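Novice: Sharing run17.cif, mmCIF, C-alpha atoms and all ligand atoms:
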```cif
data_model
loop_
_atom_site.label_atom_id
_atom_site.label_comp_id
_atom_site.auth_asym_id
_atom_site.auth_seq_id
_atom_site.Cartn_x
_atom_site.Cartn_y
_atom_site.Cartn_z
CA MET A 265 -1.04 4.76 -69.40
CA MET A 266 -4.34 5.10 -67.52
CA ASP A 267 -6.01 1.86 -68.58
CA ASP A 268 -9.58 0.96 -67.72
CA MET A 269 -8.48 -1.55 -65.07
CA LEU A 270 -6.66 1.19 -63.21
CA LEU A 271 -9.57 3.61 -63.52
CA LYS A 272 -11.83 1.05 -61.86
CA GLN A 273 -9.50 0.87 -58.86
CA LEU A 274 -9.56 4.61 -58.18
CA PRO A 275 -11.57 5.74 -55.13
CA SER A 276 -15.21 6.00 -56.12
CA ASN A 277 -15.48 9.70 -55.18
CA THR A 278 -12.73 10.78 -57.59
CA THR A 279 -13.52 12.22 -61.02
CA VAL A 280 -11.26 11.50 -63.99
CA VAL A 281 -10.96 13.78 -67.01
CA ARG A 282 -8.83 12.14 -69.70
CA GLY A 283 -6.77 14.57 -71.77
CA ALA A 284 -7.89 17.44 -69.54
CA LYS A 285 -7.02 20.88 -70.86
CA LEU A 286 -5.07 22.47 -68.06
CA ARG A 287 -6.17 25.94 -69.12
CA ASP A 288 -9.51 25.03 -67.56
CA TYR A 289 -7.79 24.53 -64.19
CA THR A 290 -5.49 27.56 -63.95
CA THR A 291 -6.21 31.23 -63.29
CA PHE A 292 -4.02 32.19 -66.30
CA ARG A 293 -6.45 30.10 -68.40
CA LEU A 294 -3.48 28.90 -70.44
CA GLY A 295 -1.78 25.61 -71.11
CA GLY A 296 -2.24 22.37 -73.01
CA ALA A 297 -3.44 18.96 -71.95
CA CYS A 298 -2.26 16.30 -69.51
CA PRO A 299 -2.87 12.55 -69.96
CA ALA A 300 -5.52 12.63 -67.23
CA LEU A 301 -6.66 14.89 -64.42
CA ILE A 302 -8.01 13.16 -61.33
CA ASP A 303 -10.08 15.36 -59.07
CA CYS A 304 -9.62 14.15 -55.48
CA PRO A 305 -12.26 15.63 -53.18
CA ASP A 306 -10.64 14.69 -49.85
CA ALA A 307 -7.35 13.66 -48.23
CA GLN A 308 -8.20 9.98 -48.24
CA SER A 309 -8.98 9.83 -51.96
CA LEU A 310 -5.81 11.81 -52.73
CA ALA A 311 -3.66 9.47 -50.62
CA GLU A 312 -5.22 6.33 -52.11
CA THR A 313 -4.88 7.64 -55.66
CA ALA A 314 -1.22 8.57 -55.10
CA LYS A 315 -0.48 5.09 -53.75
CA LEU A 316 -2.23 3.41 -56.65
CA LEU A 317 -0.39 5.47 -59.28
CA HIS A 318 2.94 4.92 -57.57
CA GLY A 319 2.27 1.16 -57.52
CA GLN A 320 1.78 1.31 -61.30
CA SER A 321 4.88 3.54 -61.80
CA ILE A 322 2.69 6.34 -63.17
CA GLY A 323 4.17 9.79 -62.53
CA PHE A 324 1.86 12.48 -61.18
CA LEU A 325 1.86 15.97 -59.73
CA VAL A 326 -0.60 17.72 -57.45
CA VAL A 327 -2.18 21.08 -58.12
CA GLY A 328 -4.58 23.17 -56.07
CA GLN A 329 -6.51 26.04 -57.68
CA GLY A 330 -3.81 26.63 -60.31
CA SER A 331 -3.34 30.26 -59.28
CA ASN A 332 0.45 30.19 -59.39
CA LEU A 333 1.02 28.12 -62.52
CA LEU A 334 2.07 28.72 -66.11
CA VAL A 335 1.46 25.52 -68.09
CA ALA A 336 3.15 25.12 -71.49
CA ASP A 337 0.95 25.23 -74.61
CA ALA A 338 2.04 21.67 -75.47
CA GLY A 339 0.80 20.47 -72.09
CA ILE A 340 2.60 18.07 -69.75
CA ASP A 341 3.32 14.33 -69.67
CA SER A 342 2.31 13.57 -66.12
CA VAL A 343 -1.07 12.79 -64.63
CA VAL A 344 -2.44 15.67 -62.54
CA LEU A 345 -4.15 15.15 -59.19
CA ARG A 346 -6.32 18.15 -58.36
CA TYR A 347 -6.84 18.82 -54.67
CA CYS A 348 -9.10 21.84 -54.45
CA ALA A 349 -12.39 22.10 -52.58
CA GLU A 350 -13.91 25.17 -54.19
CA ASP A 351 -17.23 24.86 -52.36
CA ALA A 352 -16.42 22.68 -49.37
CA PRO A 353 -14.05 24.22 -46.84
CA ASP A 354 -13.00 21.76 -44.16
CA VAL A 355 -12.03 23.82 -41.10
CA ARG A 356 -12.31 22.62 -37.49
CA LEU A 357 -11.53 24.60 -34.38
CA ASP A 358 -9.96 23.02 -31.26
CA GLY A 359 -9.40 25.84 -28.75
CA SER A 360 -7.36 28.32 -30.75
CA ARG A 361 -5.86 25.60 -32.94
CA VAL A 362 -7.34 25.27 -36.41
CA HIS A 363 -7.38 21.96 -38.26
CA VAL A 364 -7.77 22.62 -41.98
CA SER A 365 -7.65 20.38 -45.03
CA GLY A 366 -5.07 21.18 -47.70
CA ASN A 367 -7.78 21.58 -50.34
CA THR A 368 -9.66 24.33 -48.46
CA LEU A 369 -9.42 27.70 -50.18
CA LEU A 370 -7.13 30.07 -48.27
CA ASP A 371 -9.69 32.85 -48.41
CA ASP A 372 -12.38 30.53 -46.96
CA LEU A 373 -9.98 29.70 -44.14
CA ALA A 374 -9.37 33.42 -43.46
CA ARG A 375 -13.11 34.15 -43.44
CA LEU A 376 -14.04 31.20 -41.19
CA ALA A 377 -11.21 31.86 -38.71
CA ILE A 378 -12.48 35.44 -38.33
CA GLU A 379 -16.04 34.18 -37.81
CA LYS A 380 -14.78 31.87 -35.07
CA GLY A 381 -12.83 34.67 -33.35
CA VAL A 382 -9.32 33.26 -33.86
CA GLY A 383 -6.63 35.01 -35.77
CA ASP A 384 -5.17 36.66 -37.20
CA LEU A 385 -5.38 35.38 -40.78
CA SER A 386 -6.87 38.58 -42.22
CA PHE A 387 -3.72 39.01 -44.34
CA CYS A 388 -4.77 35.88 -46.30
CA SER A 389 -8.03 37.57 -47.36
CA GLY A 390 -8.49 37.53 -51.10
CA ILE A 391 -5.37 35.46 -51.88
CA PRO A 392 -6.51 32.82 -54.39
CA GLY A 393 -5.52 29.17 -54.07
CA THR A 394 -5.68 26.36 -51.58
CA VAL A 395 -4.15 26.00 -48.12
CA GLY A 396 -1.86 23.26 -49.56
CA GLY A 397 -0.60 25.53 -52.34
CA ALA A 398 -0.18 28.37 -49.82
CA ILE A 399 1.88 26.26 -47.41
CA SER A 400 4.05 24.88 -50.22
CA GLY A 401 4.89 28.42 -51.41
CA ASN A 402 4.56 30.14 -47.99
CA ALA A 403 1.99 32.52 -49.41
CA GLY A 404 1.43 35.83 -47.72
CA ALA A 405 0.91 39.57 -47.96
CA PHE A 406 1.67 42.74 -45.99
CA GLY A 407 4.85 41.25 -44.50
CA ARG A 408 3.08 38.20 -43.07
CA GLN A 409 2.97 34.64 -44.37
CA ILE A 410 1.09 31.44 -43.67
CA GLY A 411 4.24 29.65 -42.43
CA ASP A 412 4.22 31.93 -39.36
CA VAL A 413 1.11 30.21 -37.99
CA VAL A 414 1.62 26.60 -39.14
CA GLU A 415 2.14 24.22 -36.24
CA SER A 416 2.26 20.93 -38.17
CA VAL A 417 1.32 19.42 -41.49
CA GLN A 418 0.11 15.97 -42.52
CA LEU A 419 2.31 15.21 -45.52
CA LEU A 420 1.96 12.69 -48.29
CA ASP A 421 4.97 11.65 -50.35
CA GLY A 422 5.11 10.46 -53.95
CA LYS A 423 4.79 6.84 -52.82
CA GLY A 424 1.55 7.50 -51.00
CA HIS A 425 3.11 7.37 -47.50
CA GLN A 426 1.89 9.82 -44.85
CA ARG A 427 3.62 11.44 -41.90
CA GLU A 428 3.10 14.39 -39.60
CA VAL A 429 5.78 17.05 -39.89
CA ALA A 430 6.37 19.98 -37.50
CA ALA A 431 6.60 23.50 -38.96
CA ASP A 432 10.31 23.83 -38.18
CA GLU A 433 11.03 20.92 -40.52
CA LEU A 434 9.31 22.67 -43.43
CA GLY A 435 12.06 25.27 -43.97
CA PHE A 436 9.73 28.21 -44.51
CA GLY A 437 11.37 31.19 -46.20
CA TYR A 438 10.17 34.09 -48.32
CA ARG A 439 7.61 32.47 -50.69
CA SER A 440 9.25 29.08 -50.21
CA SER A 441 9.33 25.89 -48.19
CA ILE A 442 11.16 22.60 -48.62
CA LEU A 443 7.98 21.21 -50.18
CA LYS A 444 8.83 23.15 -53.36
CA GLN A 445 11.88 20.88 -53.80
CA SER A 446 10.73 17.67 -52.10
CA GLY A 447 7.33 17.63 -53.79
CA GLY A 448 5.71 16.74 -50.43
CA ILE A 449 1.93 17.07 -50.58
CA VAL A 450 -0.04 18.85 -47.85
CA LEU A 451 -3.06 16.74 -46.97
CA SER A 452 -4.00 18.89 -43.97
CA ALA A 453 -2.49 21.31 -41.49
CA VAL A 454 -2.80 22.44 -37.91
CA LEU A 455 -2.46 26.20 -37.39
CA LYS A 456 -1.73 27.77 -34.02
CA LEU A 457 -3.78 30.94 -33.71
CA GLN A 458 -4.87 33.22 -30.84
CA PRO A 459 -8.28 34.46 -29.72
CA GLU A 460 -8.82 37.83 -31.44
CA ASP A 461 -11.57 40.42 -31.59
CA ILE A 462 -13.97 39.53 -34.42
CA GLN A 463 -14.91 43.12 -35.28
CA THR A 464 -11.28 44.24 -35.54
CA MET A 465 -10.47 41.33 -37.85
CA GLU A 466 -13.62 41.91 -39.95
CA LYS A 467 -12.61 45.54 -40.39
CA GLU A 468 -9.11 44.56 -41.48
CA ARG A 469 -10.48 41.93 -43.88
CA GLY A 470 -12.83 44.55 -45.35
CA SER A 471 -10.03 47.01 -46.04
CA ILE A 472 -7.75 44.32 -47.50
CA MET A 473 -10.52 43.12 -49.83
CA GLU A 474 -11.13 46.72 -50.90
CA LEU A 475 -7.43 47.26 -51.53
CA ARG A 476 -7.25 44.09 -53.63
CA ARG A 477 -10.37 45.14 -55.55
CA THR A 478 -8.85 48.49 -56.47
CA LYS A 479 -5.17 47.60 -56.93
CA HIS A 480 -5.16 43.99 -58.17
CA PRO A 481 -6.76 42.35 -61.20
CA ASP A 482 -9.72 40.04 -60.66
CA TRP A 483 -8.44 36.74 -62.09
CA ARG A 484 -11.98 35.69 -62.99
CA THR A 485 -12.16 38.43 -65.62
CA MET A 486 -8.44 39.18 -66.18
CA PRO A 487 -6.53 35.90 -66.42
CA CYS A 488 -3.28 36.11 -64.41
CA ALA A 489 -1.29 34.35 -61.69
CA GLY A 490 -0.54 37.22 -59.32
CA SER A 491 3.04 38.45 -59.02
CA VAL A 492 5.24 36.91 -61.68
CA PHE A 493 8.60 37.62 -60.00
CA ARG A 494 9.82 37.36 -56.43
CA ASN A 495 10.61 40.60 -54.66
CA ILE A 496 14.28 41.39 -54.20
CA GLU A 497 16.04 40.12 -51.08
CA PRO A 498 17.74 42.84 -49.02
CA THR A 499 21.54 42.93 -49.10
CA SER A 500 21.80 43.76 -45.37
CA ALA A 501 19.67 43.02 -42.30
CA ALA A 502 18.78 46.72 -42.04
CA GLU A 503 17.04 46.82 -45.41
CA ARG A 504 13.62 45.64 -46.50
CA ARG A 505 12.73 43.44 -49.43
CA GLN A 506 12.27 45.62 -52.54
CA ALA A 507 9.32 45.27 -54.89
CA ALA A 508 10.17 43.64 -58.22
CA GLY A 509 7.47 45.89 -59.71
CA TRP A 510 9.52 49.00 -58.90
CA PHE A 511 12.58 47.71 -60.79
CA LEU A 512 10.35 46.70 -63.71
CA GLU A 513 8.79 50.16 -63.92
CA GLU A 514 12.18 51.85 -63.72
CA ALA A 515 13.44 49.53 -66.47
CA GLY A 516 10.58 50.71 -68.68
CA ALA A 517 8.77 47.36 -68.79
CA LYS A 518 5.29 48.73 -68.06
CA ASP A 519 4.36 48.91 -71.75
CA PHE A 520 5.86 45.57 -72.77
CA GLN A 521 3.56 43.23 -74.65
CA VAL A 522 4.04 39.89 -76.41
CA GLY A 523 1.09 38.68 -78.47
CA ALA A 524 -1.94 39.14 -76.24
CA ALA A 525 0.08 39.06 -72.99
CA HIS A 526 0.78 42.42 -71.34
CA LEU A 527 1.47 43.95 -67.95
CA PHE A 528 -1.35 44.99 -65.63
CA GLU A 529 -1.69 48.77 -65.82
CA LYS A 530 -1.58 49.23 -62.03
CA HIS A 531 1.17 46.74 -61.22
CA ALA A 532 4.24 46.03 -63.35
CA ASN A 533 4.84 42.62 -61.70
CA ILE A 534 1.54 41.13 -62.90
CA ILE A 535 0.97 39.75 -66.41
CA ILE A 536 -2.52 39.62 -67.90
CA ALA A 537 -3.22 37.00 -70.57
CA ASP A 538 -5.91 38.51 -72.78
CA THR A 539 -8.03 36.35 -75.07
CA GLY A 540 -5.78 34.79 -77.71
CA ALA A 541 -2.64 34.83 -75.55
CA SER A 542 -0.53 31.68 -75.41
CA ALA A 543 1.63 30.40 -72.57
CA ARG A 544 4.56 31.04 -74.93
CA ASP A 545 3.56 34.75 -75.12
CA VAL A 546 3.58 34.97 -71.33
CA PHE A 547 6.91 33.15 -71.09
CA GLU A 548 8.53 35.41 -73.71
CA LEU A 549 7.17 38.47 -71.94
CA THR A 550 8.80 37.29 -68.68
CA GLU A 551 12.11 36.86 -70.60
CA LYS A 552 11.82 40.45 -71.88
CA MET A 553 11.14 41.71 -68.36
CA ILE A 554 14.13 39.81 -66.97
CA ALA A 555 16.39 41.20 -69.74
CA ALA A 556 15.23 44.80 -69.13
CA VAL A 557 15.98 44.65 -65.40
CA GLN A 558 19.27 42.87 -66.05
CA GLU A 559 20.34 45.60 -68.45
CA LYS A 560 19.34 48.52 -66.22
CA PHE A 561 20.24 47.15 -62.77
CA GLY A 562 22.61 44.24 -63.41
CA PHE A 563 20.74 41.48 -61.58
CA GLU A 564 18.37 38.72 -62.65
CA LEU A 565 14.75 38.61 -61.51
CA GLU A 566 13.57 35.22 -60.25
CA ARG A 567 10.19 33.85 -61.26
CA GLU A 568 7.66 33.31 -58.48
CA ILE A 569 5.20 31.46 -60.71
CA THR A 570 5.76 27.74 -61.29
CA LEU A 571 6.37 26.69 -64.89
CA LEU A 572 4.99 23.30 -65.90
CA GLY A 573 6.10 21.68 -69.17
CA GLU A 574 8.69 22.72 -71.77
CA PHE A 575 9.29 26.40 -72.55
C1 LIG B 601 -4.95 37.68 -58.50
C2 LIG B 601 -3.91 36.92 -57.72
C3 LIG B 601 -3.40 37.46 -56.56
C4 LIG B 601 -2.42 36.77 -55.83
N1 LIG B 601 -1.96 37.34 -54.67
C5 LIG B 601 -1.04 36.66 -53.94
C6 LIG B 601 -0.56 37.22 -52.70
O1 LIG B 601 -0.97 38.29 -52.27
N2 LIG B 601 0.35 36.50 -52.01
C7 LIG B 601 0.81 35.28 -52.44
O2 LIG B 601 1.63 34.67 -51.74
N3 LIG B 601 0.37 34.74 -53.59
C8 LIG B 601 -0.54 35.39 -54.34
N4 LIG B 601 -1.00 34.85 -55.52
C9 LIG B 601 -0.43 33.57 -55.99
C10 LIG B 601 -1.24 32.33 -55.53
O3 LIG B 601 -2.50 32.71 -55.10
C11 LIG B 601 -0.52 31.57 -54.42
O4 LIG B 601 0.74 31.17 -54.85
C12 LIG B 601 -1.32 30.33 -53.96
O5 LIG B 601 -0.84 29.95 -52.69
C13 LIG B 601 -1.26 29.14 -54.92
O6 LIG B 601 -2.15 28.14 -54.45
P1 LIG B 601 -2.83 27.11 -55.48
O7 LIG B 601 -3.66 26.17 -54.69
O8 LIG B 601 -3.52 27.84 -56.56
O9 LIG B 601 -1.55 26.35 -56.03
P2 LIG B 601 -1.27 25.92 -57.56
O10 LIG B 601 -1.09 27.12 -58.37
O11 LIG B 601 -2.26 24.91 -57.97
O12 LIG B 601 0.15 25.21 -57.36
C14 LIG B 601 1.30 26.00 -57.02
C15 LIG B 601 2.37 25.06 -56.47
O13 LIG B 601 1.91 24.52 -55.23
C16 LIG B 601 1.92 23.09 -55.30
N5 LIG B 601 0.77 22.60 -54.56
C17 LIG B 601 -0.55 22.79 -54.81
N6 LIG B 601 -1.31 22.14 -53.89
C18 LIG B 601 -0.43 21.52 -53.04
C19 LIG B 601 -0.59 20.69 -51.88
N7 LIG B 601 -1.79 20.33 -51.40
N8 LIG B 601 0.54 20.26 -51.26
C20 LIG B 601 1.78 20.61 -51.72
N9 LIG B 601 1.99 21.37 -52.82
C21 LIG B 601 0.88 21.82 -53.46
C22 LIG B 601 1.85 22.75 -56.78
O14 LIG B 601 2.40 21.48 -57.05
C23 LIG B 601 2.65 23.88 -57.41
O15 LIG B 601 4.04 23.61 -57.33
C24 LIG B 601 -1.97 35.51 -56.26
C25 LIG B 601 -2.51 34.95 -57.44
C26 LIG B 601 -3.48 35.64 -58.15
C27 LIG B 601 -4.08 35.01 -59.37
#
```
Will you turn the file into structure tokens for me?
Ligand SMILES: Cc1cc2nc3c(=O)[nH]c(=O)nc-3n(C[C@H](O)[C@H](O)[C@H](O)COP(=O)(O)OP(=O)(O)OC[C@H]3O[C@@H](n4cnc5c(N)ncnc54)[C@H](O)[C@@H]3O)c2cc1C

Specialist:
Amino acid sequence: MMDDMLLKQLPSNTTVVRGAKLRDYTTFRLGGACPALIDCPDAQSLAETAKLLHGQSIGFLVVGQGSNLLVADAGIDSVVLRYCAEDAPDVRLDGSRVHVSGNTLLDDLARLAIEKGVGDLSFCSGIPGTVGGAISGNAGAFGRQIGDVVESVQLLDGKGHQREVAADELGFGYRSSILKQSGGIVLSAVLKLQPEDIQTMEKERGSIMELRRTKHPDWRTMPCAGSVFRNIEPTSAAERRQAAGWFLEEAGAKDFQVGAAHLFEKHANIIIADTGASARDVFELTEKMIAAVQEKFGFELEREITLLGEF
């Protein structure tokens, strides 16, 4: 599939790991191998790599930090392009517009925007993942989401073609955008922010980080992928979205466990994969949670995490 001739044509700044174990690239630390993982450090290398693979009819998918993924134990068939700049945020300010690469970590973006006095992206503080992953899933917290501040996005399609797309064409909704279906890849984005008081934003960031420290698991020590299920859409305009965690607690799911996968003690919508857990354990635990809520409340929870491979 990935022959040596093809490898030689890849941009020189890419890194290829043949048979990469995807557990090494996800915050759940679960999942089998892919034929090859190509680390693309910038937009140009990602675009060139996509074009090259398309030209050779080699299927691929793009991941960021892997903080919203559950990869099957048997792995996946497609090549993975990783677009995640863990130590190299690329953020440029032009007035109150922010130009940011899709591989910049969302938390780095939040921190740098505050430093530059534009905001307010404090709500993104502490959310793992890349800007590209965040825009694709319209990540957010505290009733706010990244889609609210996106002005335009430089998109790459599966053939390696690029085009600039305005925010209103991205169909942002609760934890969704059209990119989830189209597979469009965010190379970079322009965000429209406003001048804001640095101290006020720093204070808000501080309290959000503290709240996350006390109420959420640290994925570096407790492998997880954040909320497993989407919150429940209101049935009328007067209502608010209801937390999936509340329904799970009421349905008695808090103590559920499959193998070494169990629920986080402080949040029934988060699964922790302890040492020895398999992706299958996590998947079966989500099935049990869905069944419990279905039985008690008569509706089906929808997964927020993305499943890759066969379950
Ligand atoms: C501890 C913890 C807390 C969390 N808290 C929150 C929270 O408060 N709010 C929230 O919304 N989420 C939260 N999450 C979930 C996760 O952080 C977000 O979904 C994040 O935006 C995923 O980004 P990623 O780069 O890791 O994407 P990945 O997990 O790598 O990929 C997720 C999806 O995005 C796609 N994708 C990745 N990069 C791109 C790109 N450049 N262009 C297009 N598509 C792309 C992938 O193909 C895949 O379909 C949390 C996760 C953890 C582990």

Novice: Under the rule of at most 6 Å, produce a per-residue listing of chain A near ligand LIG 601 (chain B): chain, number, name, the closest pair of atoms, and the distance in Å, as a tab-separated table, using all atoms listed in the file.

Specialist:
```
residue	atom	partner	partner_atom	distance
A:Thr291	CA	B:LIG601	C27	5.8
A:Val326	CA	B:LIG601	O14	4.8
A:Val327	CA	B:LIG601	O11	3.8
A:Gly328	CA	B:LIG601	O7	3.4
A:Gln329	CA	B:LIG601	O8	3.7
A:Gly330	CA	B:LIG601	O11	3.3
A:Ser331	CA	B:LIG601	O8	3.6
A:Asn332	CA	B:LIG601	O10	3.6
A:Leu333	CA	B:LIG601	O10	4.8
A:Gly366	CA	B:LIG601	N7	5.0
A:Ile391	CA	B:LIG601	N1	4.8
A:Pro392	CA	B:LIG601	O3	4.1
A:Gly393	CA	B:LIG601	O8	3.5
A:Thr394	CA	B:LIG601	O7	3.7
A:Gly396	CA	B:LIG601	N7	3.5
A:Gly397	CA	B:LIG601	C17	3.7
A:Ala398	CA	B:LIG601	O5	3.3
A:Ser400	CA	B:LIG601	N9	4.8
A:Ala403	CA	B:LIG601	O2	3.2
A:Gly404	CA	B:LIG601	O2	4.2
A:Ala405	CA	B:LIG601	O1	4.9
A:Gly448	CA	B:LIG601	C20	5.7
A:Ile449	CA	B:LIG601	N8	3.5
A:Val450	CA	B:LIG601	N8	3.7
A:Leu451	CA	B:LIG601	N7	5.8
A:Pro481	CA	B:LIG601	C1	5.7
A:Asp482	CA	B:LIG601	C1	5.7
A:Trp483	CA	B:LIG601	C1	5.1
A:Cys488	CA	B:LIG601	C27	5.2
A:Ala489	CA	B:LIG601	C27	3.7
A:Gly490	CA	B:LIG601	C26	3.5
A:Thr570	CA	B:LIG601	O15	6.0
```

Novice: Compare A:Val492, A:Ile462, A:Ile569, A:Ile399 by their minimum atom-to-atom distance to A:Arg375, counting all atoms listed in the file, and give me the closest one.

Specialist: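 Counting all atoms listed in the file, the residue closest to A:Arg375 is A:Ile462.
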
Novice: Using all atoms listed in the file, can you tell me which of A:Gln320, A:Ser365, A:Asn402, A:Ser342 comes closest to A:Arg439?

Specialist: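 Among A:Gln320, A:Ser365, A:Asn402, A:Ser342, it is A:Asn402 that comes nearest to A:Arg439.
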
Novice: Enter the distance from atom CA of A:Gly540 to atom CA of A:Ala338, in Å, rounded to one decimal.

Specialist: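 Result for atom CA of A:Gly540 versus atom CA of A:Ala338: 15.4 Å, one decimal.
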
Novice: Excluding A:Val522 and its own-chain neighbours fewer than 4 positions away, which residues fall within 8 Å of it when counting all atoms listed in the file? Please give them as a PyMOL selection string.

Specialist: chain A and resi 526+545-546+548-549

Novice: Deliver the residues from the most recent selection as a file, using C-alpha atoms, as a JSON list (two decimals), in the coordinates of the input.

Specialist:
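The result, stored in result22.json:
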```
[["chain", "number", "residue", "atom", "x", "y", "z"],
["A", 526, "HIS", "CA", 0.78, 42.42, -71.34],
["A", 545, "ASP", "CA", 3.56, 34.75, -75.12],
["A", 546, "VAL", "CA", 3.58, 34.97, -71.33],
["A", 548, "GLU", "CA", 8.53, 35.41, -73.71],
["A", 549, "LEU", "CA", 7.17, 38.47, -71.94]]
```

Novice: Do a neighbour search on A:Leu457 at 10 Å with only C-alpha atoms, toss out local chain neighbours closer than 6 positions, and write the hits as a PDB file with C-alpha atoms, in the frame of the given file.

Specialist:
```pdb
ATOM      1  CA  GLY A 359      -9.400  25.840 -28.750  1.00  0.00           C
ATOM      2  CA  SER A 360      -7.360  28.320 -30.750  1.00  0.00           C
ATOM      3  CA  ARG A 361      -5.860  25.600 -32.940  1.00  0.00           C
ATOM      4  CA  VAL A 362      -7.340  25.270 -36.410  1.00  0.00           C
ATOM      5  CA  ALA A 377     -11.210  31.860 -38.710  1.00  0.00           C
ATOM      6  CA  GLY A 381     -12.830  34.670 -33.350  1.00  0.00           C
ATOM      7  CA  VAL A 382      -9.320  33.260 -33.860  1.00  0.00           C
ATOM      8  CA  GLY A 383      -6.630  35.010 -35.770  1.00  0.00           C
ATOM      9  CA  ASP A 384      -5.170  36.660 -37.200  1.00  0.00           C
ATOM     10  CA  LEU A 385      -5.380  35.380 -40.780  1.00  0.00           C
ATOM     11  CA  ASP A 412       4.220  31.930 -39.360  1.00  0.00           C
ATOM     12  CA  VAL A 413       1.110  30.210 -37.990  1.00  0.00           C
ATOM     13  CA  VAL A 414       1.620  26.600 -39.140  1.00  0.00           C
ATOM     14  CA  GLU A 415       2.140  24.220 -36.240  1.00  0.00           C
TER      15      GLU A 415
END
```

Novice: Of the candidates A:Lys315, A:Lys456, A:Lys444, A:Arg427, which shows the shortest atom-to-atom distance to A:Leu357, using all atoms listed in the file?

Specialist: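 Nearest to A:Leu357: A:Lys456.
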
Novice: Pick out the residues sitting within 12 Å of A:Gly470, and hand them over as a VMD selection string; count all atoms listed in the file, and ignore anything fewer than 5 positions along from it in its own chain.

Specialist: chain A and resid 374 to 375 378 386 to 390 463 to 465 475 to 477

Novice: Could you turn the residues from that selection into a file that holds C-alpha atoms, as a PDB file, keeping the file's coordinate frame?

Specialist:
```pdb
ATOM      1  CA  ALA A 374      -9.370  33.420 -43.460  1.00  0.00           C
ATOM      2  CA  ARG A 375     -13.110  34.150 -43.440  1.00  0.00           C
ATOM      3  CA  ILE A 378     -12.480  35.440 -38.330  1.00  0.00           C
ATOM      4  CA  SER A 386      -6.870  38.580 -42.220  1.00  0.00           C
ATOM      5  CA  PHE A 387      -3.720  39.010 -44.340  1.00  0.00           C
ATOM      6  CA  CYS A 388      -4.770  35.880 -46.300  1.00  0.00           C
ATOM      7  CA  SER A 389      -8.030  37.570 -47.360  1.00  0.00           C
ATOM      8  CA  GLY A 390      -8.490  37.530 -51.100  1.00  0.00           C
ATOM      9  CA  GLN A 463     -14.910  43.120 -35.280  1.00  0.00           C
ATOM     10  CA  THR A 464     -11.280  44.240 -35.540  1.00  0.00           C
ATOM     11  CA  MET A 465     -10.470  41.330 -37.850  1.00  0.00           C
ATOM     12  CA  LEU A 475      -7.430  47.260 -51.530  1.00  0.00           C
ATOM     13  CA  ARG A 476      -7.250  44.090 -53.630  1.00  0.00           C
ATOM     14  CA  ARG A 477     -10.370  45.140 -55.550  1.00  0.00           C
TER      15      ARG A 477
END
```

Novice: In Å, with one decimal, what is the gap from atom CA of A:Leu271 to atom CA of A:Thr290?

Specialist: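 Separation between atom CA of A:Leu271 and atom CA of A:Thr290: 24.3 Å.
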
Novice: For each of A:Glu514, A:Asp267, A:Glu379, A:Asp306, take the minimum atom-to-atom distance to A:Glu466, counting all atoms listed in the file, then give the residue where this is smallest.

Specialist: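 Closest to A:Glu466, using all atoms listed in the file: A:Glu379.
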
Novice: May I have the residues within 7 Å of A:Glu568 as a list in words, using only C-alpha atoms and disregarding those fewer than 3 positions away in the same chain?

Specialist: Ser491, Val492, Phe493 and Arg494 of chain A

Novice: Kindly reconstruct stretch 455-464 of chain A with N, CA and C atoms and present the result as a PDB file, in the coordinates of the input.

Specialist:
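Now in selection-v3.pdb:
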```
ATOM      1  N   LEU A 455      -2.972  24.841 -37.554  1.00  0.00           N
ATOM      2  CA  LEU A 455      -2.460  26.200 -37.390  1.00  0.00           C
ATOM      3  C   LEU A 455      -2.632  26.615 -35.944  1.00  0.00           C
ATOM      4  N   LYS A 456      -1.639  27.306 -35.415  1.00  0.00           N
ATOM      5  CA  LYS A 456      -1.730  27.770 -34.020  1.00  0.00           C
ATOM      6  C   LYS A 456      -2.088  29.253 -34.052  1.00  0.00           C
ATOM      7  N   LEU A 457      -3.329  29.553 -33.677  1.00  0.00           N
ATOM      8  CA  LEU A 457      -3.780  30.940 -33.710  1.00  0.00           C
ATOM      9  C   LEU A 457      -4.056  31.426 -32.283  1.00  0.00           C
ATOM     10  N   GLN A 458      -4.578  32.625 -32.151  1.00  0.00           N
ATOM     11  CA  GLN A 458      -4.870  33.220 -30.840  1.00  0.00           C
ATOM     12  C   GLN A 458      -6.292  33.761 -30.879  1.00  0.00           C
ATOM     13  N   PRO A 459      -6.973  33.796 -29.722  1.00  0.00           N
ATOM     14  CA  PRO A 459      -8.280  34.460 -29.720  1.00  0.00           C
ATOM     15  C   PRO A 459      -8.089  35.934 -30.107  1.00  0.00           C
ATOM     16  N   GLU A 460      -8.945  36.424 -30.988  1.00  0.00           N
ATOM     17  CA  GLU A 460      -8.820  37.830 -31.440  1.00  0.00           C
ATOM     18  C   GLU A 460     -10.224  38.424 -31.543  1.00  0.00           C
ATOM     19  N   ASP A 461     -10.288  39.732 -31.510  1.00  0.00           N
ATOM     20  CA  ASP A 461     -11.570  40.420 -31.590  1.00  0.00           C
ATOM     21  C   ASP A 461     -12.148  40.317 -33.015  1.00  0.00           C
ATOM     22  N   ILE A 462     -13.367  39.783 -33.108  1.00  0.00           N
ATOM     23  CA  ILE A 462     -13.970  39.530 -34.420  1.00  0.00           C
ATOM     24  C   ILE A 462     -14.140  40.826 -35.216  1.00  0.00           C
ATOM     25  N   GLN A 463     -14.645  41.865 -34.543  1.00  0.00           N
ATOM     26  CA  GLN A 463     -14.910  43.120 -35.280  1.00  0.00           C
ATOM     27  C   GLN A 463     -13.641  43.735 -35.856  1.00  0.00           C
ATOM     28  N   THR A 464     -12.553  43.672 -35.060  1.00  0.00           N
ATOM     29  CA  THR A 464     -11.280  44.240 -35.540  1.00  0.00           C
ATOM     30  C   THR A 464     -10.819  43.477 -36.778  1.00  0.00           C
TER      31      THR A 464
END
```
